[in-house]
$ cat data-v8.pdb   # PDB, C-alpha atoms
ATOM      1  CA  LYS A   1      69.440  77.766  89.086
ATOM      2  CA  ALA A   2      68.985  81.410  88.135
ATOM      3  CA  GLY A   3      72.054  83.625  88.249
ATOM      4  CA  VAL A   4      72.483  87.103  89.639
ATOM      5  CA  THR A   5      69.909  89.453  88.131
ATOM      6  CA  GLN A   6      70.489  93.174  87.852
ATOM      7  CA  THR A   7      67.938  95.754  86.778
ATOM      8  CA  PRO A   8      67.817  97.933  84.860
ATOM      9  CA  ARG A   9      70.482  96.860  82.370
ATOM     10  CA  TYR A  10      70.838 100.314  80.835
ATOM     11  CA  LEU A  11      69.796 103.739  81.970
ATOM     12  CA  ILE A  12      70.474 107.366  81.155
ATOM     13  CA  LYS A  13      70.272 110.126  83.734
ATOM     14  CA  THR A  14      71.230 113.770  83.888
ATOM     15  CA  ARG A  15      73.523 115.486  86.358
ATOM     16  CA  GLY A  16      71.938 116.117  89.727
ATOM     17  CA  GLN A  17      69.429 113.302  89.454
ATOM     18  CA  GLN A  18      69.515 110.183  91.558
ATOM     19  CA  VAL A  19      69.394 106.541  90.546
ATOM     20  CA  THR A  20      68.508 103.251  92.203
ATOM     21  CA  LEU A  21      69.892  99.955  90.929
ATOM     22  CA  SER A  22      68.573  96.578  91.960
ATOM     23  CA  CYS A  23      70.242  93.214  92.410
ATOM     24  CA  SER A  24      68.701  89.801  93.037
ATOM     25  CA  PRO A  25      71.346  87.314  94.197
ATOM     26  CA  ILE A  26      71.470  83.620  93.522
ATOM     27  CA  SER A  27      68.940  81.793  95.662
ATOM     28  CA  GLY A  28      70.553  80.900  98.988
ATOM     29  CA  HIS A  29      73.357  83.430  98.680
ATOM     30  CA  ARG A  30      73.386  85.799 101.634
ATOM     31  CA  SER A  31      76.174  88.179 100.689
ATOM     32  CA  VAL A  32      75.894  90.861  98.009
ATOM     33  CA  SER A  33      78.776  93.039  96.851
ATOM     34  CA  TRP A  34      78.714  96.009  94.516
ATOM     35  CA  TYR A  35      81.488  97.152  92.187
ATOM     36  CA  GLN A  36      81.921 100.048  89.788
ATOM     37  CA  GLN A  37      83.728  99.381  86.525
ATOM     38  CA  THR A  38      85.164 102.239  84.509
ATOM     39  CA  PRO A  39      87.751 102.194  81.691
ATOM     40  CA  GLY A  40      91.256 102.197  83.108
ATOM     41  CA  GLN A  41      90.108 101.755  86.707
ATOM     42  CA  GLY A  42      89.057  98.143  86.694
ATOM     43  CA  LEU A  43      86.508  97.056  89.253
ATOM     44  CA  GLN A  44      86.322  99.375  92.230
ATOM     45  CA  PHE A  45      84.716  97.970  95.373
ATOM     46  CA  LEU A  46      81.695  99.918  96.599
ATOM     47  CA  PHE A  47      80.253  97.916  99.493
ATOM     48  CA  GLU A  48      79.236  94.492 100.703
ATOM     49  CA  TYR A  49      76.112  93.471 102.545
ATOM     50  CA  PHE A  50      75.473  90.345 104.557
ATOM     51  CA  SER A  51      72.283  89.611 106.470
ATOM     52  CA  GLU A  52      71.006  93.138 105.819
ATOM     53  CA  THR A  53      74.116  94.731 107.353
ATOM     54  CA  GLN A  54      76.866  96.583 105.540
ATOM     55  CA  ARG A  55      80.060  94.643 106.310
ATOM     56  CA  ASN A  56      82.584  96.432 104.122
ATOM     57  CA  LYS A  57      82.750  99.768 102.367
ATOM     58  CA  GLY A  58      85.035 101.100  99.653
ATOM     59  CA  ASN A  59      86.393 104.599  99.164
ATOM     60  CA  PHE A  60      83.388 106.235  97.582
ATOM     61  CA  PRO A  61      81.625 109.429  98.676
ATOM     62  CA  GLY A  62      78.473 109.343 100.748
ATOM     63  CA  ARG A  63      76.389 109.903  97.614
ATOM     64  CA  PHE A  64      76.756 106.175  97.085
ATOM     65  CA  SER A  65      74.629 104.103  99.415
ATOM     66  CA  GLY A  66      73.060 100.706  99.512
ATOM     67  CA  ARG A  67      70.893  98.366 101.467
ATOM     68  CA  GLN A  68      69.949  94.723 101.634
ATOM     69  CA  PHE A  69      66.548  93.289 102.325
ATOM     70  CA  SER A  70      65.569  90.244 104.348
ATOM     71  CA  ASN A  71      65.328  88.161 101.159
ATOM     72  CA  SER A  72      68.975  89.113 100.385
ATOM     73  CA  ARG A  73      67.986  91.315  97.440
ATOM     74  CA  SER A  74      70.012  94.504  97.389
ATOM     75  CA  GLU A  75      69.714  98.009  96.031
ATOM     76  CA  MET A  76      72.292 100.706  95.583
ATOM     77  CA  ASN A  77      71.525 104.389  95.241
ATOM     78  CA  VAL A  78      73.572 107.220  93.847
ATOM     79  CA  SER A  79      72.333 110.707  94.601
ATOM     80  CA  THR A  80      73.253 114.004  92.962
ATOM     81  CA  LEU A  81      74.708 112.278  89.932
ATOM     82  CA  GLU A  82      77.923 113.561  88.381
ATOM     83  CA  LEU A  83      79.328 112.946  84.913
ATOM     84  CA  GLY A  84      82.052 110.791  86.455
ATOM     85  CA  ASP A  85      79.474 108.380  87.822
ATOM     86  CA  SER A  86      78.946 107.012  84.320
ATOM     87  CA  ALA A  87      80.029 103.405  84.627
ATOM     88  CA  LEU A  88      79.026  99.776  84.649
ATOM     89  CA  TYR A  89      77.757  98.854  88.109
ATOM     90  CA  LEU A  90      78.206  95.200  88.907
ATOM     91  CA  CYS A  91      76.564  93.228  91.642
ATOM     92  CA  ALA A  92      77.924  89.913  92.870
ATOM     93  CA  SER A  93      76.609  87.384  95.340
ATOM     94  CA  SER A  94      78.226  84.680  97.408
ATOM     95  CA  LEU A  95      77.108  82.137  99.951
ATOM     96  CA  ILE A  96      78.876  83.845 102.827
ATOM     97  CA  LEU A  97      81.037  86.914 103.221
ATOM     98  CA  SER A  98      83.516  87.193 100.365
ATOM     99  CA  GLY A  99      86.985  86.687 101.707
ATOM    100  CA  PRO A 100      89.864  84.345 101.953
ATOM    101  CA  ARG A 101      89.147  82.210 104.980
ATOM    102  CA  SER A 102      86.891  79.689 103.331
ATOM    103  CA  GLY A 103      89.229  79.512 100.406
ATOM    104  CA  ALA A 104      86.382  78.846  98.072
ATOM    105  CA  ASN A 105      83.951  81.686  98.528
ATOM    106  CA  VAL A 106      83.721  82.854  94.974
ATOM    107  CA  LEU A 107      81.718  85.821  93.786
ATOM    108  CA  THR A 108      79.144  85.258  91.066
ATOM    109  CA  PHE A 109      78.498  88.427  89.103
ATOM    110  CA  GLY A 110      75.470  89.740  87.336
ATOM    111  CA  ALA A 111      75.683  91.295  83.865
ATOM    112  CA  GLY A 112      75.671  94.794  85.328
ATOM    113  CA  SER A 113      73.715  98.011  85.017
ATOM    114  CA  ARG A 114      75.266 100.505  82.633
ATOM    115  CA  LEU A 115      74.631 104.043  83.808
ATOM    116  CA  THR A 116      75.215 107.032  81.559
ATOM    117  CA  VAL A 117      75.085 110.485  83.115
ATOM    118  CA  LEU A 118      74.588 113.395  80.715
TER     119      LEU A 118
ATOM    120  CA  ASP B   1      96.230 103.637  95.683
ATOM    121  CA  GLN B   2      96.005 100.676  93.324
ATOM    122  CA  GLN B   3      96.838  97.656  95.467
ATOM    123  CA  VAL B   4      96.421  95.209  92.594
ATOM    124  CA  LYS B   5      98.045  96.168  89.310
ATOM    125  CA  GLN B   6      97.854  94.732  85.835
ATOM    126  CA  ASN B   7     100.390  96.755  83.913
ATOM    127  CA  SER B   8      99.554  95.363  80.473
ATOM    128  CA  PRO B   9      96.217  96.706  79.274
ATOM    129  CA  SER B  10      96.220  94.381  76.292
ATOM    130  CA  LEU B  11      97.852  91.245  74.950
ATOM    131  CA  SER B  12      97.649  89.636  71.537
ATOM    132  CA  VAL B  13      98.533  85.952  71.078
ATOM    133  CA  GLN B  14      98.297  83.514  68.219
ATOM    134  CA  GLU B  15      95.964  80.543  68.576
ATOM    135  CA  GLY B  16      97.759  77.499  69.988
ATOM    136  CA  ARG B  17     100.452  79.547  71.709
ATOM    137  CA  ILE B  18     100.786  80.335  75.381
ATOM    138  CA  SER B  19      99.138  83.422  76.866
ATOM    139  CA  ILE B  20     100.754  84.856  79.999
ATOM    140  CA  LEU B  21      98.875  87.488  81.948
ATOM    141  CA  ASN B  22     100.636  89.208  84.820
ATOM    142  CA  CYS B  23      99.489  90.807  88.028
ATOM    143  CA  ASP B  24     101.365  92.570  90.840
ATOM    144  CA  TYR B  25     100.119  93.442  94.290
ATOM    145  CA  THR B  26     101.436  95.691  97.007
ATOM    146  CA  ASN B  27      99.607  94.545 100.143
ATOM    147  CA  SER B  28     101.515  91.780 101.918
ATOM    148  CA  MET B  29      98.346  90.921 103.875
ATOM    149  CA  PHE B  30      96.698  89.500 100.761
ATOM    150  CA  ASP B  31      96.561  85.728 101.049
ATOM    151  CA  TYR B  32      94.053  84.614  98.439
ATOM    152  CA  PHE B  33      94.136  85.396  94.753
ATOM    153  CA  LEU B  34      91.691  84.847  91.923
ATOM    154  CA  TRP B  35      91.379  85.367  88.191
ATOM    155  CA  TYR B  36      88.127  86.358  86.539
ATOM    156  CA  LYS B  37      87.288  86.515  82.854
ATOM    157  CA  LYS B  38      84.859  89.007  81.368
ATOM    158  CA  TYR B  39      83.171  88.960  77.962
ATOM    159  CA  PRO B  40      81.434  92.095  76.621
ATOM    160  CA  ALA B  41      77.919  92.627  77.970
ATOM    161  CA  GLU B  42      78.423  89.933  80.613
ATOM    162  CA  GLY B  43      79.552  89.993  84.204
ATOM    163  CA  PRO B  44      82.975  88.619  85.179
ATOM    164  CA  THR B  45      83.109  84.869  85.706
ATOM    165  CA  PHE B  46      85.441  83.042  88.052
ATOM    166  CA  LEU B  47      88.308  81.241  86.373
ATOM    167  CA  ILE B  48      90.850  79.984  88.893
ATOM    168  CA  SER B  49      92.180  80.797  92.354
ATOM    169  CA  ILE B  50      95.218  80.210  94.506
ATOM    170  CA  SER B  51      95.889  80.423  98.210
ATOM    171  CA  SER B  52      99.109  81.936  99.506
ATOM    172  CA  ILE B  53     100.154  78.560 100.908
ATOM    173  CA  LYS B  54     100.632  77.354  97.350
ATOM    174  CA  ASP B  55     102.771  78.583  94.497
ATOM    175  CA  LYS B  56     100.894  76.910  91.659
ATOM    176  CA  ASN B  57      97.363  75.831  90.854
ATOM    177  CA  GLU B  58      96.297  74.153  87.650
ATOM    178  CA  ASP B  59      92.898  73.631  86.062
ATOM    179  CA  GLY B  60      92.934  72.253  82.549
ATOM    180  CA  ARG B  61      94.486  74.774  80.210
ATOM    181  CA  PHE B  62      94.754  77.375  82.964
ATOM    182  CA  THR B  63      97.577  77.595  85.496
ATOM    183  CA  VAL B  64      98.126  80.318  88.061
ATOM    184  CA  PHE B  65     101.570  80.894  89.560
ATOM    185  CA  LEU B  66     102.173  82.856  92.746
ATOM    186  CA  ASN B  67     105.511  84.387  93.745
ATOM    187  CA  LYS B  68     104.954  85.768  97.229
ATOM    188  CA  SER B  69     108.409  87.273  97.628
ATOM    189  CA  ALA B  70     107.927  89.288  94.443
ATOM    190  CA  LYS B  71     104.236  89.922  95.165
ATOM    191  CA  HIS B  72     103.490  88.709  91.671
ATOM    192  CA  LEU B  73     101.082  86.253  90.130
ATOM    193  CA  SER B  74     100.561  85.156  86.580
ATOM    194  CA  LEU B  75      97.962  83.260  84.614
ATOM    195  CA  HIS B  76      99.115  80.907  81.883
ATOM    196  CA  ILE B  77      96.720  79.694  79.215
ATOM    197  CA  VAL B  78      98.000  76.811  77.117
ATOM    198  CA  PRO B  79      97.052  76.363  74.342
ATOM    199  CA  SER B  80      95.268  79.650  73.722
ATOM    200  CA  GLN B  81      91.978  79.496  71.834
ATOM    201  CA  PRO B  82      89.941  82.207  70.096
ATOM    202  CA  GLY B  83      87.218  81.747  72.733
ATOM    203  CA  ASP B  84      89.708  82.873  75.353
ATOM    204  CA  SER B  85      89.565  86.406  73.935
ATOM    205  CA  ALA B  86      88.204  88.468  76.823
ATOM    206  CA  VAL B  87      89.244  90.852  79.561
ATOM    207  CA  TYR B  88      91.010  89.129  82.446
ATOM    208  CA  PHE B  89      90.971  90.570  85.949
ATOM    209  CA  CYS B  90      93.136  89.425  88.799
ATOM    210  CA  ALA B  91      91.826  89.935  92.315
ATOM    211  CA  ALA B  92      93.149  89.583  95.828
ATOM    212  CA  SER B  93      91.781  89.519  99.332
ATOM    213  CA  GLY B  94      93.165  89.489 102.821
ATOM    214  CA  PHE B  95      92.118  90.147 106.346
ATOM    215  CA  THR B  96      89.704  92.909 105.378
ATOM    216  CA  ASP B  97      87.806  90.272 103.418
ATOM    217  CA  LYS B  98      86.888  92.523 100.513
ATOM    218  CA  LEU B  99      88.004  91.470  97.093
ATOM    219  CA  ILE B 100      90.286  93.988  95.368
ATOM    220  CA  PHE B 101      90.471  93.821  91.585
ATOM    221  CA  GLY B 102      93.104  94.941  89.123
ATOM    222  CA  THR B 103      92.436  97.110  86.071
ATOM    223  CA  GLY B 104      92.210  94.190  83.672
ATOM    224  CA  THR B 105      94.104  92.917  80.631
ATOM    225  CA  ARG B 106      92.351  92.499  77.305
ATOM    226  CA  LEU B 107      93.478  89.266  75.658
ATOM    227  CA  GLN B 108      92.985  88.756  71.961
ATOM    228  CA  VAL B 109      93.700  85.336  70.478
ATOM    229  CA  PHE B 110      93.978  85.435  66.711
ATOM    230  CA  PRO B 111      94.004  82.490  64.236
TER     231      PRO B 111
END
$ encode --input "data-v8.pdb" --output "structure tokens"
Amino acid sequence: KAGVTQTPRYLIKTRGQQVTLSCSPISGHRSVSWYQQTPGQGLQFLFEYFSETQRNKGNFPGRFSGRQFSNSRSEMNVSTLELGDSALYLCASSLILSGPRSGANVLTFGAGSRLTVL
Amino acid sequence: DQQVKQNSPSLSVQEGRISILNCDYTNSMFDYFLWYKKYPAEGPTFLISISSIKDKNEDGRFTVFLNKSAKHLSLHIVPSQPGDSAVYFCAASGFTDKLIFGTGTRLQVFP
């Protein structure tokens, strides 16, 4: 079955602009999580959506937002871009909410969208 | 506040030898731990996990050890192969249910 698809794969923006990234989860997966990867910082959690509702949020400013549609596809938006927003943005899907209780709810990641802010 | 720490940014190991990647965590509420591997231009892929009720989990060449009292886990790869060269992330989750990742360790396996 198809994996997690992220579009676009690469994009260049300038400071002050906004950007929208898209994520199509694995068919049947209802949870979508977003992470930001930067050198030296690892993967920083942005937010998680399940059944069109944001269930968890990381420590990012309000310029970072997201949403999930009824078909589980998700988008994230970054407004008023800053140089420090340059990063690889990773989307991951899972059958149910990511977390420890099931013991086996593993995230499957997409290849990411690499954003460069000039 | 980095709750999951990988203090070695890189590790170089000869093919056939053991690779040991370390990870420390600070949040005692974490009760499930995972390792992911990431190749360039690809997303991270799940490697192995361990629940806090265990202290060891093995899957082929990969073994994860958990020391809850020290808040420390390690990934052992035996024997190491050139294809294992990648960035390895440890991750942890607890009651908040969000997965917290470390900063990653770049493993290079040379012939």
$ closest_residue --input "data-v8.pdb" --among "B:Arg61, B:Lys56, B:Lys38, B:Lys68" --to "chain A" --atoms "all atoms listed in the file"
B:Lys38
$ resolve_selection --input "data-v8.pdb" --expression "the ChimeraX specification (/B :<12) & /A" --output "ChimeraX atom specification"
/A:3-6,9-10,31-49,54-59,88-94,96-114
$ residues_near_point --input "data-v8.pdb" --point "(71.4, 102.1, 95.2)" --cutoff "10 Å" --atoms "only C-alpha atoms" --output "PyMOL selection string"
chain A and resi 18-23+34+63-68+74-79
$ write_last_selection --input "data-v8.pdb" --atoms "C-alpha atoms" --output "compact mmCIF listing (two decimals), in the coordinates of the input"
# COMPACT_ATOMS: atom_id res chain seq x y z
CA GLN A 18 69.52 110.18 91.56
CA VAL A 19 69.39 106.54 90.55
CA THR A 20 68.51 103.25 92.20
CA LEU A 21 69.89 99.96 90.93
CA SER A 22 68.57 96.58 91.96
CA CYS A 23 70.24 93.21 92.41
CA TRP A 34 78.71 96.01 94.52
CA ARG A 63 76.39 109.90 97.61
CA PHE A 64 76.76 106.18 97.08
CA SER A 65 74.63 104.10 99.42
CA GLY A 66 73.06 100.71 99.51
CA ARG A 67 70.89 98.37 101.47
CA GLN A 68 69.95 94.72 101.63
CA SER A 74 70.01 94.50 97.39
CA GLU A 75 69.71 98.01 96.03
CA MET A 76 72.29 100.71 95.58
CA ASN A 77 71.53 104.39 95.24
CA VAL A 78 73.57 107.22 93.85
CA SER A 79 72.33 110.71 94.60
$ atom_distance --input "data-v8.pdb" --atom1 "atom CA of B:Val87" --atom2 "atom CA of B:Phe110"
14.7 Å
$ atom_distance --input "data-v8.pdb" --atom1 "atom CA of A:Arg73" --atom2 "atom CA of A:Ser24"
4.7 Å
$ atom_distance --input "data-v8.pdb" --atom1 "atom CA of A:Leu81" --atom2 "atom CA of A:Gly16"
4.7 Å
$ residues_around --input "data-v8.pdb" --residues "B:His76" --least-positions-apart "6" --cutoff "7 Å" --atoms "all atoms listed in the file" --output "PyMOL selection string"
chain B and resi 18-21+62-64
$ resolve_selection --input "data-v8.pdb" --expression "the PyMOL selection byres ((chain A and resi 12) around 8)" --output "list in words"
Tyr10, Leu11, Lys13, Thr14, Leu115, Thr116, Val117 and Leu118 of chain A
$ closest_residue --input "data-v8.pdb" --among "A:Arg15, A:Asn71, A:Leu83, A:Ser27" --to "A:Ala2" --atoms "only C-alpha atoms"
A:Ser27
$ residues_near_point --input "data-v8.pdb" --point "(89.4, 75.4, 70.2)" --cutoff "12 Å" --atoms "all atoms listed in the file" --output "list of chain:residue names"
B:Glu15, B:Gly16, B:Arg17, B:Arg61, B:Val78, B:Pro79, B:Ser80, B:Gln81, B:Pro82, B:Gly83, B:Asp84, B:Ser85, B:Val109, B:Phe110, B:Pro111
$ build_atoms --input "data-v8.pdb" --residues "stretch 30-43 of chain B" --atoms "N, CA and C atoms" --output "short mmCIF file (atom, residue, chain, number, x, y, z; two decimals), in the coordinates of the input"
data_model
loop_
_atom_site.label_atom_id
_atom_site.label_comp_id
_atom_site.auth_asym_id
_atom_site.auth_seq_id
_atom_site.Cartn_x
_atom_site.Cartn_y
_atom_site.Cartn_z
N PHE B 30 97.51 90.30 101.67
CA PHE B 30 96.70 89.50 100.76
C PHE B 30 97.14 88.04 100.87
N ASP B 31 96.17 87.14 100.97
CA ASP B 31 96.56 85.73 101.05
C ASP B 31 95.69 84.83 100.18
N TYR B 32 94.88 85.42 99.34
CA TYR B 32 94.05 84.61 98.44
C TYR B 32 93.88 85.39 97.15
N PHE B 33 94.10 84.72 96.04
CA PHE B 33 94.14 85.40 94.75
C PHE B 33 93.26 84.66 93.75
N LEU B 34 92.60 85.43 92.89
CA LEU B 34 91.69 84.85 91.92
C LEU B 34 91.88 85.52 90.56
N TRP B 35 91.47 84.80 89.53
CA TRP B 35 91.38 85.37 88.19
C TRP B 35 89.93 85.25 87.72
N TYR B 36 89.45 86.33 87.12
CA TYR B 36 88.13 86.36 86.54
C TYR B 36 88.26 86.72 85.07
N LYS B 37 87.33 86.22 84.28
CA LYS B 37 87.29 86.52 82.85
C LYS B 37 85.98 87.23 82.55
N LYS B 38 86.07 88.24 81.68
CA LYS B 38 84.86 89.01 81.37
C LYS B 38 84.71 89.17 79.86
N TYR B 39 83.54 88.71 79.35
CA TYR B 39 83.17 88.96 77.96
C TYR B 39 82.32 90.23 77.92
N PRO B 40 82.28 90.90 76.76
CA PRO B 40 81.43 92.10 76.62
C PRO B 40 79.98 91.79 76.95
N ALA B 41 79.34 92.72 77.62
CA ALA B 41 77.92 92.63 77.97
C ALA B 41 77.61 91.50 78.96
N GLU B 42 78.63 90.94 79.58
CA GLU B 42 78.42 89.93 80.61
C GLU B 42 79.19 90.33 81.86
N GLY B 43 78.79 89.76 82.99
CA GLY B 43 79.55 89.99 84.20
C GLY B 43 80.79 89.11 84.23
#
